[in-house]
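Written below as structure tokens is the structure these notes are about.
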Amino acid sequence: MSNNLLFELQTEELPPKSLSQLISQLVANVRLELNKVQIDFTDIRGFATPRRLALIVTDMAARQPDQVLERRGPALQAALDQDGEPTKALGGFLRSCGLTDISQLQQQETPKGTWLVYEQHKAGAGVGELIEAVISQSLANLPIDRKMRWGATRTEFVRPVHSAILLYGDEVLPARFFDCDTGRVTLGHRFMGQGETCIASANDYIEALRAEYVIVDFEERKSTIRQQLQAIATQENASIVIDENLLDEVTALVEWPVALSGGFDPAFLSVPEEALISAMKSHQRYFHLVDKAGKLLPRFVTVANIRSTQPDTVIKGNERVISPRLSDAAFFFRRDQESPLQSNLVRLESIVFQAKLGTYRQKAQRISALAGFIAEQTGIDVSMAQRAGLLCKADLVTGMVGEFPELQGLMGSYYARHDGEALEVAEAIKEHYLPTFSGGELPQSGVGQAVAIADKLDTLTGLFGIGQPPTGSKDPFALRRQALGVIRICIESGWQLDVKATLSFAATQHNGDFGTEAVYDYMLDRLGSWYQDQGIPADSFAAVRNSNIPVVDLRDCDFRVRAIQAFRQQPLAASLVAANKRVANILKKTNSQPAAVDPGLFIEAAERQLHDALGKAKILLQAKHSDNQAFYEQQCLVLAGLQAEVDRYFDGVMVMADDPAIRANRIAMLYQMRELFLGIADFSLLQD
């Protein structure tokens, strides 16, 4: 027998930005716990509104399957003595099982003989006996950063809980969650509903609440809002810009969405549209409209949580609320432009970047010097890079960024253009924070890339220099993201930059005593993780990292890693990797140092053949370096061409010969071979 199970917690308003994550995790947790207790079901569907978390388990079995618990006792031979009487071993086993006679045991044949076994049949527990513990454990495992307490108890949850429903079919299962006994009563819409409503059965839940103006399905509400937004955009002959994060947040704030359009004074369009959009999104959660050219229109769409009989009043209220926000933006924009951006450098002297690393003024000076160094290495305009680096943090003390912190960099770009700074400088100021998240957009201009790398490496070398690298739980300066940003800019934008030399220069801007090995190793670790995220095994990067060519040019490193990955697909790869492993293992066991090979000591033909092949390969590998992946793929094919000689050598030559001179000469041959391969990668680290 099976039925649907309904669970609902009715709470005070849940945090909108984490509502979607809460319900998806609750569903995952319940799924896991039900599997642990072996309760069969078809699926679990989660529901979430501002005031409830709920789920329905479909086709849930009424009880666990019956279980057969098997306990193995002594061997039959050890259970009875020569007279056929029970031994102490059998007597102890019977007592531990609550039995009195050997006839109550079964015999089990195994390759090692016959054993006595006790099989106990246990009826499966019912849903009513198990479900409270299943759900309680699932709730306890939710990812909640800060829990709240309420009332006189020490009960904690993300928000105070008012009631709980637990129905199996149409039957209430008695349980207690957060000091609330389960029942079948919930609340409809705060204003449009009739108040309390009874849920007859799990199957009635969705429609019963819909009748009370609550759409409990998060995705259905989200889809409804999206459709309403698009419909209004069509009416307005415009395009609606739907930020998915904002859409999720608005969906989490309403139970019965009603989209309404409003407008603001077109005079505000003289303010940078990013500031207007930020004010509408972050402060009021409005969606903005643009014309066919993508230019902001003085219109917005808000999503109400009620179907008002006077929608014009609701719209006017929203228009009245947004106007002061836009006025603030206009005021700050005008006031910030009264003084040049460069004048803000003095004010940066009072803003601390990090106690041991100085102020933002000092950081700007370091970025400027480092950006100039990077530009010089890569052919970028040095003066532009230095100027952009000096001004890139100057907007942090402006009124606009103080009101809208998310506009830092962008407002600096606007003010730089207003001051007549070069377009390259203005663009670099806007781009230097990029990428702002994993996989995010990269700076596109050369000066912007130089300043972005300089800013990130300055932070990395500084924090590592004062002994504050990121830990497993703490990374307040987002050093992981900073390192990944440098990696992506260098590789994806094709930068030929010596990272080691750049780190050393960055360290001198802080303190001559700052070392860079730790931060360099950290960046390579992040590079390895980045490759794994792209589906490239860790050993492919490890092989390149441990070659004789130091990883200093990340773009060149990327060419080698991808060439190695392509080489691994070749039929010849497996035997060459095996040969490299064999060579590495032999050399580990010797205490000798690399030496010249003496052809006069060759005895076997295979020795001379391999020596000649290595010489030819060395000449081919000394070909002029080409700046692409294909060059390294060709180098790998050259090494692959050694397969026959390498196999013949190991098949016909005893490396560890009795004669010391011959043995040393053969070991020298192995060193020569290993050095040749290490010029690209340590192939011995590749796994089969």
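Letters A, B, ... mark the chains of the structure tokens in the order given; residue numbers begin at 1 per chain; ligand numbers begin at 1, in order shown.
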Can you pull out every residue within 7 Å of A:Val303, counting only C-alpha atoms, but drop anything in the same chain fewer than 3 positions away, and send it as a list of chain:residue names?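 Skipping anything fewer than 3 positions along the chain leaves A:Pro257, A:Val258, A:Ala259, A:Leu260.
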Selection: 8 Å around stretch 465-481 of chain A, only C-alpha atoms, excl. self and same-chain fewer than 2 positions, as an NGL selection string: :A and (356 or 436-438 or 459-463 or 483-485 or 507 or 514-516 or 526)
Could you dump the residues just selected with C-alpha atoms as a tab-separated table (two decimals), in the first residue's frame?
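Everything below was put into again37.tsv:
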chain	number	residue	atom	x	y	z
A	356	LYS	CA	49.47	45.84	7.74
A	436	THR	CA	33.76	39.40	-10.30
A	437	PHE	CA	32.77	35.74	-10.00
A	438	SER	CA	33.92	32.32	-11.20
A	459	THR	CA	46.39	41.73	-2.97
A	460	LEU	CA	47.74	38.19	-3.25
A	461	THR	CA	51.38	39.05	-2.56
A	462	GLY	CA	50.40	41.39	0.26
A	463	LEU	CA	48.16	38.95	2.13
A	483	ALA	CA	44.12	34.05	-8.32
A	484	LEU	CA	41.64	32.48	-10.70
A	485	GLY	CA	41.06	35.88	-12.29
A	507	ALA	CA	56.52	41.91	-3.57
A	514	PHE	CA	58.11	39.47	1.20
A	515	GLY	CA	58.69	36.06	-0.35
A	516	THR	CA	56.69	34.90	-3.35
A	526	ARG	CA	44.40	27.05	-8.27
Stretch 318-321 of chain A environment, 7 Å, only C-alpha atoms, sequence neighbours closer than 4 positions dropped, as an MDAnalysis selection string: chainID A and resid 262:264 314
Quote the spacing between atom CA of A:Asp539 and atom CA of A:Leu639 in Å to one decimal place. 18.7 Å
Per residue of stretch 284-376 of chain A within 9 Å of stretch 392-411 of chain A, note the shortest atom pair and the distance in Å to one decimal, counting only C-alpha atoms, and order the rows by chain and increasing residue number, as CSV.
residue,atom,partner,partner_atom,distance
A:Asp328,CA,A:Glu403,CA,8.4
A:Ala329,CA,A:Met400,CA,6.5
A:Ala330,CA,A:Met400,CA,8.8
A:Phe331,CA,A:Met400,CA,8.7
A:Phe332,CA,A:Met400,CA,5.2
A:Phe333,CA,A:Met400,CA,6.2
A:Arg335,CA,A:Gly399,CA,7.7
A:Asp336,CA,A:Thr398,CA,6.0
A:Leu341,CA,A:Ala394,CA,6.3
A:Gln342,CA,A:Ala394,CA,6.9
A:Ser343,CA,A:Ala394,CA,8.3
A:Asn344,CA,A:Ala394,CA,5.5
A:Leu345,CA,A:Ala394,CA,5.8
A:Arg347,CA,A:Val397,CA,7.0
A:Leu348,CA,A:Val397,CA,7.0
A:Ile351,CA,A:Val397,CA,8.5
A:Tyr360,CA,A:Lys393,CA,7.2
A:Arg361,CA,A:Lys393,CA,8.1
A:Lys363,CA,A:Lys393,CA,8.6
A:Ala364,CA,A:Lys393,CA,6.5
A:Ile367,CA,A:Cys392,CA,8.7
A:Ser368,CA,A:Cys392,CA,8.9
Skipping near chain neighbours, those fewer than 6 positions away, what residues fall within 7 Å of stretch 375-384 of chain A using only C-alpha atoms, listed as an NGL selection string? :A and (424-425 or 446-447 or 450 or 496-497)
So which bits of stretch 274-397 of chain A end up helix (DSSP H, G or I) when you DSSP the backbone, as a PyMOL selection string? chain A and resi 274-284+311-336+341-348+360-378+382-391+394-397
